[in-house]
$ cat run23.tsv   # TSV, C-alpha atoms
chain	number	residue	atom	x	y	z
A	1	MET	CA	-3.04	-7.75	-3.42
A	2	ARG	CA	-1.37	-8.06	-6.77
A	3	VAL	CA	-3.08	-9.62	-9.75
A	4	LYS	CA	-1.28	-10.50	-12.96
A	5	LYS	CA	-3.94	-9.65	-15.49
A	6	ILE	CA	-3.99	-6.20	-17.01
A	7	LEU	CA	-6.15	-3.88	-15.00
A	8	PRO	CA	-8.52	-1.40	-16.68
A	9	HIS	CA	-6.97	1.98	-17.51
A	10	PHE	CA	-9.35	3.69	-15.11
A	11	PHE	CA	-7.77	1.99	-12.12
A	12	ILE	CA	-4.17	1.13	-12.90
A	13	ALA	CA	-2.41	3.56	-15.17
A	14	ILE	CA	-0.06	1.96	-17.67
A	15	VAL	CA	3.16	3.81	-17.04
A	16	ALA	CA	6.70	3.80	-18.38
A	17	ILE	CA	9.89	5.69	-17.78
A	18	THR	CA	12.84	6.64	-19.96
A	19	ALA	CA	16.41	7.43	-19.08
A	20	MET	CA	15.58	11.10	-19.51
A	21	GLY	CA	12.84	10.76	-16.91
A	22	CYS	CA	15.31	9.36	-14.38
A	23	LYS	CA	17.80	12.22	-14.63
A	24	ARG	CA	17.80	15.18	-12.30
A	25	SER	CA	20.33	17.60	-10.97
A	26	PRO	CA	22.28	16.23	-7.96
A	27	ALA	CA	22.10	19.70	-6.40
A	28	LEU	CA	18.32	19.72	-6.79
A	29	ALA	CA	18.00	16.28	-5.25
A	30	THR	CA	20.11	17.37	-2.28
A	31	LYS	CA	17.93	20.45	-1.75
A	32	GLU	CA	14.77	18.35	-1.87
A	33	GLN	CA	16.19	15.88	0.60
A	34	ARG	CA	17.04	18.72	2.98
A	35	THR	CA	13.47	20.02	2.68
A	36	GLU	CA	12.10	16.54	3.47
A	37	GLN	CA	14.40	16.16	6.45
A	38	THR	CA	13.33	19.54	7.83
A	39	ALA	CA	9.66	18.63	7.44
A	40	GLU	CA	10.18	15.28	9.13
A	41	ALA	CA	12.05	16.80	12.08
A	42	GLY	CA	8.75	17.71	13.74
A	43	ILE	CA	7.26	14.21	13.46
A	44	SER	CA	7.02	12.26	16.70
A	45	GLN	CA	9.18	9.22	16.02
A	46	ILE	CA	7.84	5.69	16.57
A	47	THR	CA	10.49	3.59	18.28
A	48	THR	CA	8.85	0.15	18.03
A	49	ASN	CA	8.91	-2.15	15.01
A	50	ILE	CA	6.34	-0.89	12.47
A	51	PHE	CA	6.88	-3.60	9.85
A	52	GLY	CA	4.85	-6.58	8.75
A	53	ALA	CA	4.38	-8.76	5.69
A	54	LEU	CA	1.76	-10.33	3.49
A	55	ILE	CA	3.12	-13.75	2.53
A	56	ASN	CA	1.53	-15.12	-0.62
A	57	GLU	CA	2.32	-17.89	-3.08
A	58	THR	CA	5.90	-17.63	-4.32
A	59	ASP	CA	7.30	-19.31	-7.44
A	60	GLY	CA	4.19	-21.48	-7.55
A	61	VAL	CA	4.56	-22.61	-3.94
A	62	GLN	CA	1.74	-22.17	-1.45
A	63	PHE	CA	3.05	-21.79	2.10
A	64	THR	CA	1.30	-23.46	5.02
A	65	PRO	CA	0.25	-21.38	8.04
A	66	ALA	CA	3.24	-22.74	9.98
A	67	GLN	CA	5.62	-21.79	7.17
A	68	LYS	CA	4.13	-18.29	7.02
A	69	VAL	CA	4.69	-17.88	10.75
A	70	VAL	CA	8.36	-18.81	10.34
A	71	LEU	CA	8.78	-16.38	7.45
A	72	VAL	CA	7.04	-13.47	9.18
A	73	LYS	CA	8.38	-13.89	12.70
A	74	ASP	CA	11.71	-15.68	12.44
A	75	SER	CA	13.07	-14.95	8.97
A	76	LEU	CA	11.84	-11.38	8.37
A	77	LYS	CA	11.54	-10.35	12.04
A	78	CYS	CA	8.14	-8.71	11.52
A	79	LYS	CA	5.73	-7.64	14.20
A	80	TYR	CA	2.62	-7.78	12.00
A	81	ALA	CA	1.09	-10.01	9.34
A	82	ARG	CA	-1.63	-9.30	6.82
A	83	MET	CA	-4.32	-11.83	5.92
A	84	ASN	CA	-7.93	-11.91	4.72
A	85	ILE	CA	-11.22	-13.28	6.00
A	86	ALA	CA	-14.25	-13.44	3.71
A	87	LEU	CA	-17.46	-12.92	5.65
A	88	SER	CA	-19.56	-15.11	3.38
A	89	THR	CA	-17.41	-18.20	4.05
A	90	PHE	CA	-16.37	-17.59	7.67
A	91	SER	CA	-17.31	-20.62	9.76
A	92	GLY	CA	-16.08	-19.48	13.15
A	93	THR	CA	-12.33	-20.10	12.83
A	94	ALA	CA	-9.44	-19.09	10.56
A	95	ASN	CA	-6.41	-21.38	10.74
A	96	LEU	CA	-3.94	-18.76	9.55
A	97	TYR	CA	-5.16	-16.20	12.07
A	98	ASP	CA	-4.86	-18.77	14.84
A	99	ALA	CA	-1.30	-19.60	13.75
A	100	TYR	CA	-0.26	-15.95	13.76
A	101	ALA	CA	-1.93	-15.17	17.08
A	102	ASN	CA	-0.45	-18.24	18.78
A	103	ALA	CA	3.00	-17.10	17.64
A	104	GLY	CA	2.48	-13.61	19.07
A	105	ILE	CA	2.17	-11.97	15.65
A	106	LYS	CA	-0.40	-9.17	15.47
A	107	VAL	CA	-2.79	-9.33	12.53
A	108	VAL	CA	-3.75	-6.52	10.17
A	109	LEU	CA	-6.93	-8.08	8.86
A	110	ASN	CA	-8.54	-7.51	5.49
A	111	ILE	CA	-12.28	-8.14	5.62
A	112	SER	CA	-13.95	-8.89	2.32
A	113	ASN	CA	-17.65	-9.43	2.01
A	114	LYS	CA	-17.04	-12.35	-0.36
A	115	PRO	CA	-13.92	-14.34	-1.32
A	116	THR	CA	-11.24	-12.35	-3.12
A	117	GLY	CA	-9.69	-13.15	-6.48
A	118	SER	CA	-12.59	-12.18	-8.69
A	119	GLN	CA	-14.92	-9.22	-9.13
A	120	GLN	CA	-17.53	-9.09	-6.39
A	121	PRO	CA	-20.21	-6.45	-5.72
A	122	PHE	CA	-19.97	-4.32	-2.62
A	123	PRO	CA	-22.58	-5.39	-0.06
A	124	THR	CA	-25.82	-3.43	-0.05
A	125	ASP	CA	-27.43	-5.14	2.96
A	126	THR	CA	-25.48	-3.37	5.69
A	127	VAL	CA	-27.52	-5.02	8.46
A	128	ALA	CA	-26.42	-8.47	7.29
A	129	PHE	CA	-22.88	-7.20	6.80
A	130	LYS	CA	-22.72	-5.89	10.37
A	131	THR	CA	-24.04	-9.19	11.75
A	132	LYS	CA	-21.40	-11.19	9.87
A	133	LEU	CA	-18.60	-8.82	10.84
A	134	SER	CA	-19.68	-8.97	14.48
A	135	SER	CA	-19.38	-12.76	14.36
A	136	VAL	CA	-15.74	-12.44	13.25
A	137	LEU	CA	-14.87	-9.82	15.87
A	138	ALA	CA	-16.46	-11.98	18.56
A	139	VAL	CA	-13.64	-14.47	17.87
A	140	TYR	CA	-10.75	-12.32	16.63
A	141	GLN	CA	-9.53	-8.86	17.63
A	142	PRO	CA	-7.16	-7.69	14.87
A	143	GLU	CA	-4.66	-4.88	15.30
A	144	VAL	CA	-6.28	-3.02	12.40
A	145	LEU	CA	-9.35	-3.86	10.34
A	146	VAL	CA	-8.99	-3.15	6.60
A	147	ILE	CA	-12.29	-3.08	4.73
A	148	GLU	CA	-11.99	-4.80	1.35
A	149	ASN	CA	-8.86	-4.50	-0.81
A	150	GLU	CA	-8.16	-1.60	-3.20
A	151	GLU	CA	-11.68	-0.23	-3.24
A	152	VAL	CA	-11.36	1.20	-6.77
A	153	ASN	CA	-9.88	-1.93	-8.35
A	154	GLN	CA	-12.41	-3.40	-10.77
A	155	ASN	CA	-10.69	-6.78	-10.72
A	156	TYR	CA	-12.01	-7.11	-7.18
A	157	HIS	CA	-15.12	-4.97	-6.93
A	158	SER	CA	-18.21	-3.85	-8.77
A	159	GLY	CA	-20.93	-1.40	-7.86
A	160	PRO	CA	-20.92	2.31	-7.03
A	161	LEU	CA	-18.49	3.76	-4.51
A	162	SER	CA	-21.49	4.87	-2.46
A	163	ASP	CA	-22.04	1.17	-1.65
A	164	TYR	CA	-18.44	0.90	-0.48
A	165	PHE	CA	-18.77	3.99	1.69
A	166	ASN	CA	-21.87	2.47	3.31
A	167	GLU	CA	-19.94	-0.76	3.92
A	168	LEU	CA	-17.09	1.24	5.45
A	169	LYS	CA	-19.44	3.18	7.73
A	170	ALA	CA	-21.07	-0.07	8.87
A	171	ALA	CA	-17.66	-1.59	9.63
A	172	ILE	CA	-16.56	1.46	11.62
A	173	ASN	CA	-19.76	1.27	13.66
A	174	VAL	CA	-19.20	-2.40	14.53
A	175	ALA	CA	-15.45	-2.14	15.16
A	176	HIS	CA	-15.63	0.98	17.30
A	177	SER	CA	-18.45	-0.47	19.41
A	178	GLN	CA	-16.37	-3.44	20.62
A	179	SER	CA	-15.48	-3.54	24.31
A	180	THR	CA	-11.96	-2.75	23.17
A	181	PRO	CA	-12.49	-0.61	20.04
A	182	ILE	CA	-10.75	-1.90	16.92
A	183	LYS	CA	-9.06	0.51	14.52
A	184	VAL	CA	-10.43	0.70	10.96
A	185	THR	CA	-9.04	1.78	7.61
A	186	ASN	CA	-10.00	1.71	3.93
A	187	GLY	CA	-8.95	-0.95	1.44
A	188	GLY	CA	-6.01	0.95	-0.06
A	189	ILE	CA	-5.70	3.92	-2.39
A	190	VAL	CA	-3.77	2.53	-5.35
A	191	CYS	CA	-0.29	3.82	-6.13
A	192	ARG	CA	-0.93	5.82	-9.31
A	193	MET	CA	-4.02	7.43	-7.81
A	194	ALA	CA	-1.98	8.51	-4.78
A	195	THR	CA	0.59	10.22	-7.02
A	196	LEU	CA	-2.12	12.06	-8.95
A	197	ILE	CA	-3.71	13.30	-5.73
A	198	THR	CA	-0.34	14.53	-4.47
A	199	TRP	CA	0.53	16.30	-7.72
A	200	LYS	CA	-2.89	17.99	-7.76
A	201	SER	CA	-2.47	19.19	-4.18
A	202	TYR	CA	0.67	21.08	-5.21
A	203	ILE	CA	-1.17	22.62	-8.17
A	204	ASP	CA	-4.12	23.66	-6.01
A	205	SER	CA	-1.72	25.30	-3.56
A	206	GLY	CA	-0.08	27.31	-6.33
A	207	LEU	CA	3.19	25.41	-5.95
A	208	VAL	CA	3.72	24.94	-9.66
A	209	ASN	CA	7.44	24.22	-9.51
A	210	LYS	CA	7.01	21.68	-6.73
A	211	ALA	CA	4.24	20.03	-8.74
A	212	LYS	CA	6.49	19.69	-11.78
A	213	ASN	CA	9.39	18.49	-9.64
A	214	TYR	CA	7.18	15.82	-8.07
A	215	ALA	CA	5.75	14.80	-11.44
A	216	ALA	CA	9.22	14.32	-12.92
A	217	LYS	CA	9.95	11.66	-10.30
A	218	ALA	CA	6.51	10.12	-9.80
A	219	PHE	CA	5.31	9.67	-13.40
A	220	PRO	CA	6.86	8.19	-16.55
A	221	ALA	CA	8.31	10.71	-18.99
A	222	ASP	CA	5.96	9.67	-21.78
A	223	LYS	CA	2.93	10.44	-19.58
A	224	LEU	CA	4.01	14.05	-18.97
A	225	ASP	CA	2.77	16.96	-21.06
A	226	ALA	CA	4.88	19.75	-22.60
A	227	ASN	CA	4.84	21.65	-19.29
A	228	GLY	CA	6.15	18.71	-17.27
A	229	ASN	CA	2.84	17.82	-15.62
A	230	PRO	CA	1.03	14.48	-15.92
A	231	ASP	CA	-0.99	14.40	-19.13
A	232	LEU	CA	-4.53	13.86	-17.86
A	233	THR	CA	-5.65	12.69	-21.31
A	234	LYS	CA	-3.45	9.56	-21.01
A	235	GLY	CA	-3.62	6.38	-18.99
A	236	GLY	CA	-7.07	7.13	-17.60
A	237	TYR	CA	-5.43	9.76	-15.42
A	238	GLN	CA	-8.33	12.24	-15.36
A	239	ALA	CA	-10.91	9.68	-14.26
A	240	MET	CA	-8.46	8.26	-11.74
A	241	LEU	CA	-7.76	11.70	-10.28
A	242	ASP	CA	-11.45	12.55	-10.07
A	243	THR	CA	-12.19	9.32	-8.22
A	244	GLY	CA	-9.21	9.82	-5.93
A	245	LEU	CA	-10.45	13.23	-4.88
A	246	VAL	CA	-13.86	11.72	-4.08
A	247	LEU	CA	-12.16	9.16	-1.84
A	248	ILE	CA	-10.02	11.75	-0.08
A	249	ASN	CA	-12.97	14.04	0.64
A	250	LYS	CA	-15.04	11.14	1.97
A	251	TYR	CA	-12.25	9.78	4.16
A	252	LYS	CA	-11.79	13.21	5.68
A	253	GLN	CA	-15.43	13.10	6.79
A	254	LEU	CA	-15.61	9.50	8.02
A	255	PRO	CA	-14.36	8.55	11.52
A	256	LEU	CA	-11.64	6.32	10.08
A	257	ASP	CA	-8.65	5.68	12.31
A	258	TYR	CA	-6.23	5.61	9.37
A	259	VAL	CA	-6.10	6.20	5.63
A	260	ASN	CA	-4.48	3.30	3.81
A	261	PHE	CA	-2.55	3.50	0.52
A	262	HIS	CA	-0.56	1.04	-1.61
A	263	TRP	CA	2.86	1.75	-3.09
A	264	TYR	CA	5.57	0.13	-5.22
A	265	GLU	CA	9.04	1.38	-6.13
A	266	PRO	CA	10.42	2.64	-8.43
A	267	VAL	CA	7.05	4.39	-8.46
A	268	ALA	CA	7.36	5.85	-11.98
A	269	MET	CA	7.87	2.32	-13.33
A	270	ARG	CA	4.68	0.83	-11.91
A	271	ALA	CA	3.85	-0.24	-15.45
A	272	MET	CA	3.60	-2.96	-18.06
A	273	PRO	CA	6.83	-4.95	-18.63
A	274	SER	CA	7.32	-3.52	-22.14
A	275	GLU	CA	7.65	-0.04	-20.59
A	276	GLN	CA	10.17	-0.90	-17.89
A	277	GLY	CA	13.49	-1.00	-19.71
A	278	GLY	CA	16.45	-0.88	-17.32
A	279	LEU	CA	14.34	-1.50	-14.24
A	280	ASP	CA	16.52	-4.36	-13.05
A	281	THR	CA	19.59	-2.08	-12.84
A	282	ILE	CA	18.03	0.66	-10.68
A	283	SER	CA	19.63	0.20	-7.26
A	284	HIS	CA	18.22	3.18	-5.33
A	285	ILE	CA	15.20	5.48	-5.42
A	286	ASP	CA	14.60	9.09	-4.44
A	287	ALA	CA	12.33	8.42	-1.49
A	288	THR	CA	11.26	12.07	-1.21
A	289	THR	CA	8.43	11.15	-3.61
A	290	LEU	CA	7.10	8.60	-1.16
A	291	GLY	CA	7.50	11.05	1.72
A	292	SER	CA	5.64	13.80	-0.15
A	293	THR	CA	2.78	11.41	-0.90
A	294	ILE	CA	2.43	10.35	2.73
A	295	ARG	CA	2.46	13.97	3.85
A	296	CYS	CA	-0.16	14.94	1.27
A	297	LEU	CA	-2.56	12.15	2.28
A	298	ARG	CA	-2.17	13.16	5.92
A	299	ASN	CA	-2.85	16.80	5.20
A	300	LYS	CA	-5.77	16.20	2.83
A	301	THR	CA	-7.63	13.78	5.14
A	302	GLY	CA	-6.55	14.90	8.60
A	303	LYS	CA	-5.86	11.21	9.34
A	304	GLU	CA	-2.71	9.25	10.05
A	305	VAL	CA	-1.57	7.25	7.02
A	306	ILE	CA	-0.64	3.58	6.88
A	307	THR	CA	0.17	1.10	4.13
A	308	ASN	CA	-0.83	-2.55	4.27
A	309	GLU	CA	0.77	-3.11	0.87
A	310	ILE	CA	4.14	-1.74	-0.11
A	311	GLY	CA	6.91	-3.35	-2.10
A	312	GLN	CA	9.27	-3.17	-5.02
A	313	LEU	CA	9.54	-4.14	-8.66
A	314	ASN	CA	13.11	-5.47	-8.80
A	315	LEU	CA	15.64	-7.39	-6.72
A	316	GLN	CA	17.85	-4.48	-5.65
A	317	PRO	CA	18.28	-4.48	-1.84
A	318	GLY	CA	19.18	-0.78	-1.83
A	319	ILE	CA	15.59	0.04	-2.80
A	320	THR	CA	14.30	-2.11	0.05
A	321	THR	CA	16.35	-0.10	2.52
A	322	ASP	CA	15.42	3.23	0.89
A	323	ILE	CA	11.70	2.48	1.31
A	324	MET	CA	12.06	1.26	4.89
A	325	SER	CA	14.18	4.24	5.89
A	326	LYS	CA	11.60	6.69	4.53
A	327	VAL	CA	8.51	5.17	6.15
A	328	LYS	CA	10.40	4.90	9.44
A	329	ALA	CA	11.47	8.56	9.20
A	330	MET	CA	7.85	9.51	8.46
A	331	SER	CA	6.65	7.47	11.48
A	332	VAL	CA	4.09	5.51	9.50
A	333	PRO	CA	2.61	3.30	12.25
A	334	TYR	CA	1.92	0.19	10.12
A	335	VAL	CA	3.94	-0.84	7.07
A	336	LEU	CA	3.22	-4.25	5.56
A	337	TRP	CA	5.37	-5.53	2.72
A	338	TYR	CA	3.79	-7.40	-0.16
A	339	SER	CA	5.82	-10.60	-0.37
A	340	GLY	CA	4.33	-12.93	-2.94
A	341	GLY	CA	4.44	-13.67	-6.64
A	342	ASP	CA	6.69	-15.28	-9.19
A	343	GLY	CA	9.64	-12.91	-8.97
A	344	ILE	CA	9.44	-11.49	-12.50
A	345	ILE	CA	11.17	-8.11	-12.79
A	346	GLY	CA	8.54	-5.40	-13.11
A	347	ASP	CA	5.99	-7.25	-11.03
A	348	ALA	CA	5.66	-7.25	-7.25
A	349	ILE	CA	8.63	-9.32	-6.13
A	350	PRO	CA	8.60	-11.28	-2.85
A	351	LEU	CA	11.29	-11.13	-0.21
A	352	GLN	CA	11.59	-14.91	-0.12
A	353	ASN	CA	12.13	-17.75	-2.55
A	354	GLY	CA	9.69	-20.59	-3.00
A	355	ASN	CA	11.75	-22.77	-0.65
A	356	GLY	CA	11.44	-20.16	2.11
A	357	THR	CA	15.00	-18.83	1.97
A	358	LEU	CA	15.41	-15.06	1.82
A	359	ARG	CA	16.45	-13.23	-1.32
A	360	ASN	CA	18.88	-10.33	-1.07
A	361	THR	CA	15.92	-7.98	-0.65
A	362	GLY	CA	14.60	-10.15	2.16
A	363	LYS	CA	18.00	-10.09	3.87
A	364	ALA	CA	18.08	-6.29	3.55
A	365	PHE	CA	14.57	-6.13	5.03
A	366	ARG	CA	15.55	-8.36	7.96
A	367	ASN	CA	18.81	-6.50	8.58
A	368	PHE	CA	17.04	-3.15	8.64
A	369	ILE	CA	14.67	-4.39	11.35
A	370	ILE	CA	17.42	-6.00	13.42
A	371	THR	CA	19.52	-2.83	13.21
A	372	ASN	CA	16.73	-0.35	13.96
A	373	TYR	CA	14.71	-2.36	16.47
A	374	PRO	CA	17.29	-4.37	18.47

$ encode --input "run23.tsv" --output "structure tokens"
Amino acid sequence: MRVKKILPHFFIAIVAITAMGCKRSPALATKEQRTEQTAEAGISQITTNIFGALINETDGVQFTPAQKVVLVKDSLKCKYARMNIALSTFSGTANLYDAYANAGIKVVLNISNKPTGSQQPFPTDTVAFKTKLSSVLAVYQPEVLVIENEEVNQNYHSGPLSDYFNELKAAINVAHSQSTPIKVTNGGIVCRMATLITWKSYIDSGLVNKAKNYAAKAFPADKLDANGNPDLTKGGYQAMLDTGLVLINKYKQLPLDYVNFHWYEPVAMRAMPSEQGGLDTISHIDATTLGSTIRCLRNKTGKEVITNEIGQLNLQPGITTDIMSKVKAMSVPYVLWYSGGDGIIGDAIPLQNGNGTLRNTGKAFRNFIITNYP
């Protein structure tokens, strides 16, 4: 989930992009796209609707459960919805979950130990955690269980990652022991961390040119060094990369069903507003960067990859379609769009207005689903 306040450098890199950083040879782009298409040719295609949405406050308007159902099911034509239950305040029912389930919408459920919106410690009493989680799963059987949100985001969490890994293991134990096992994933590897992990995987494989090519599209020009690689002395990149590699190695070992990451486009402009000049005019993105990142996370963890938070930073419907086309081509099984906020360019921008009508991006989202999943 998006928060407006500035996140610490360790977790959200402050990035920018210049016109120079956006330029690349058309011939090179065509070659890269051919490479991506060849790699994707062997992927078993998913033919059912993979899309969902997280509907949050928009333009200061809080939507009711009934309004969220209309937006998710009728307006956007989604199959899935994302929502959160906090274990510490769960009293046996969740009105929004009931509304979604009664409408036939499948829920991708974030479980937080305590209410979200402020920094909370990871639980250390895993016995109590398992008891509380079991009480939720006795009532609700979500499509996928997502444990916490953005596990490295200090606006939400405190405490060592070892506590989070223990929480994750406890959740897997409970979810997989249900009469009908429930699939489990992590809270979400943040966007900049995912790009650092992908760049490093190219370097480690000796693919120096591919690493530089990826970096030119995934990172802002002013965060690249003289050799065209991300400057690890800036933006907290080194610490972020180190932590990302810890996550990847751990998720490879754990019996997770999926590895979850978060993503916003244009990815190189996931930054502070002062560093996003020209963002509102960018109408398309080179989605090979997104495809390369998905492929890297799959290869590094041995797990299928999903995203319960993906979106865009401007109001250009071409970007909406570019993102949806890529995740469909990559057969990502669950793709949930972040659709909340105040609509300021450079921030996560919702698909709908505060009155519930669809913006041009929302119409593009809906049309893509209607066209591809008739």

$ residues_around --input "run23.tsv" --residues "segment 298-307 of chain A" --least-positions-apart "2" --cutoff "6 Å" --atoms "only C-alpha atoms" --output "list in words"
Lys252, Tyr258, Val259, Asn260, Phe261, His262, Arg295, Cys296, Glu309, Val332, Tyr334 and Val335 of chain A

$ write_last_selection --input "run23.tsv" --atoms "C-alpha atoms" --output "mmCIF file, in the frame of the given file"
data_model
loop_
_atom_site.group_PDB
_atom_site.id
_atom_site.type_symbol
_atom_site.label_atom_id
_atom_site.label_comp_id
_atom_site.auth_asym_id
_atom_site.auth_seq_id
_atom_site.Cartn_x
_atom_site.Cartn_y
_atom_site.Cartn_z
ATOM 1 C CA LYS A 252 -11.790 13.210 5.680
ATOM 2 C CA TYR A 258 -6.230 5.610 9.370
ATOM 3 C CA VAL A 259 -6.100 6.200 5.630
ATOM 4 C CA ASN A 260 -4.480 3.300 3.810
ATOM 5 C CA PHE A 261 -2.550 3.500 0.520
ATOM 6 C CA HIS A 262 -0.560 1.040 -1.610
ATOM 7 C CA ARG A 295 2.460 13.970 3.850
ATOM 8 C CA CYS A 296 -0.160 14.940 1.270
ATOM 9 C CA GLU A 309 0.770 -3.110 0.870
ATOM 10 C CA VAL A 332 4.090 5.510 9.500
ATOM 11 C CA TYR A 334 1.920 0.190 10.120
ATOM 12 C CA VAL A 335 3.940 -0.840 7.070
#

$ residues_near_point --input "run23.tsv" --point "(-0.2, 9.5, -5.5)" --cutoff "10 Å" --atoms "all atoms listed in the file" --output "ChimeraX atom specification"
/A:189-200,215,218-219,241,244,261-263,267,289-290,292-294,296-297

$ residues_around --input "run23.tsv" --residues "Lys73 of chain A" --least-positions-apart "6" --cutoff "10 Å" --atoms "only C-alpha atoms" --output "tab-separated table (two decimals) with C-alpha atoms, in the coordinates of the input"
chain	number	residue	atom	x	y	z
A	52	GLY	CA	4.85	-6.58	8.75
A	53	ALA	CA	4.38	-8.76	5.69
A	79	LYS	CA	5.73	-7.64	14.20
A	80	TYR	CA	2.62	-7.78	12.00
A	81	ALA	CA	1.09	-10.01	9.34
A	100	TYR	CA	-0.26	-15.95	13.76
A	103	ALA	CA	3.00	-17.10	17.64
A	104	GLY	CA	2.48	-13.61	19.07
A	105	ILE	CA	2.17	-11.97	15.65

$ closest_residue --input "run23.tsv" --among "A:Gly228, A:Asn56, A:Gln120, A:Leu315" --to "Lys210 of chain A" --atoms "only C-alpha atoms"
A:Gly228

$ atom_distance --input "run23.tsv" --atom1 "atom CA of Gly278 of chain A" --atom2 "atom CA of Pro230 of chain A"
21.8 Å

$ residues_around --input "run23.tsv" --residues "Gly187 of chain A" --least-positions-apart "2" --cutoff "6 Å" --atoms "only C-alpha atoms" --output "NGL selection string"
:A and (146-151)

$ residues_near_point --input "run23.tsv" --point "(14.3, 8.1, 5.1)" --cutoff "9 Å" --atoms "all atoms listed in the file" --output "JSON, numbers by chain"
{"A": [36, 37, 287, 288, 291, 321, 322, 323, 324, 325, 326, 327, 328, 329, 330]}

$ closest_atom_pairs --input "run23.tsv" --of "segment 252-325 of chain A" --to "segment 164-179 of chain A" --cutoff "12 Å" --atoms "all atoms listed in the file" --output "CSV"
residue,atom,partner,partner_atom,distance
A:Gln253,CA,A:Lys169,CA,10.7
A:Leu254,CA,A:Lys169,CA,7.4
A:Pro255,CA,A:Ile172,CA,7.4
A:Leu256,CA,A:Ile172,CA,7.1
A:Asp257,CA,A:Ile172,CA,9.0
A:Tyr258,CA,A:Ile172,CA,11.4
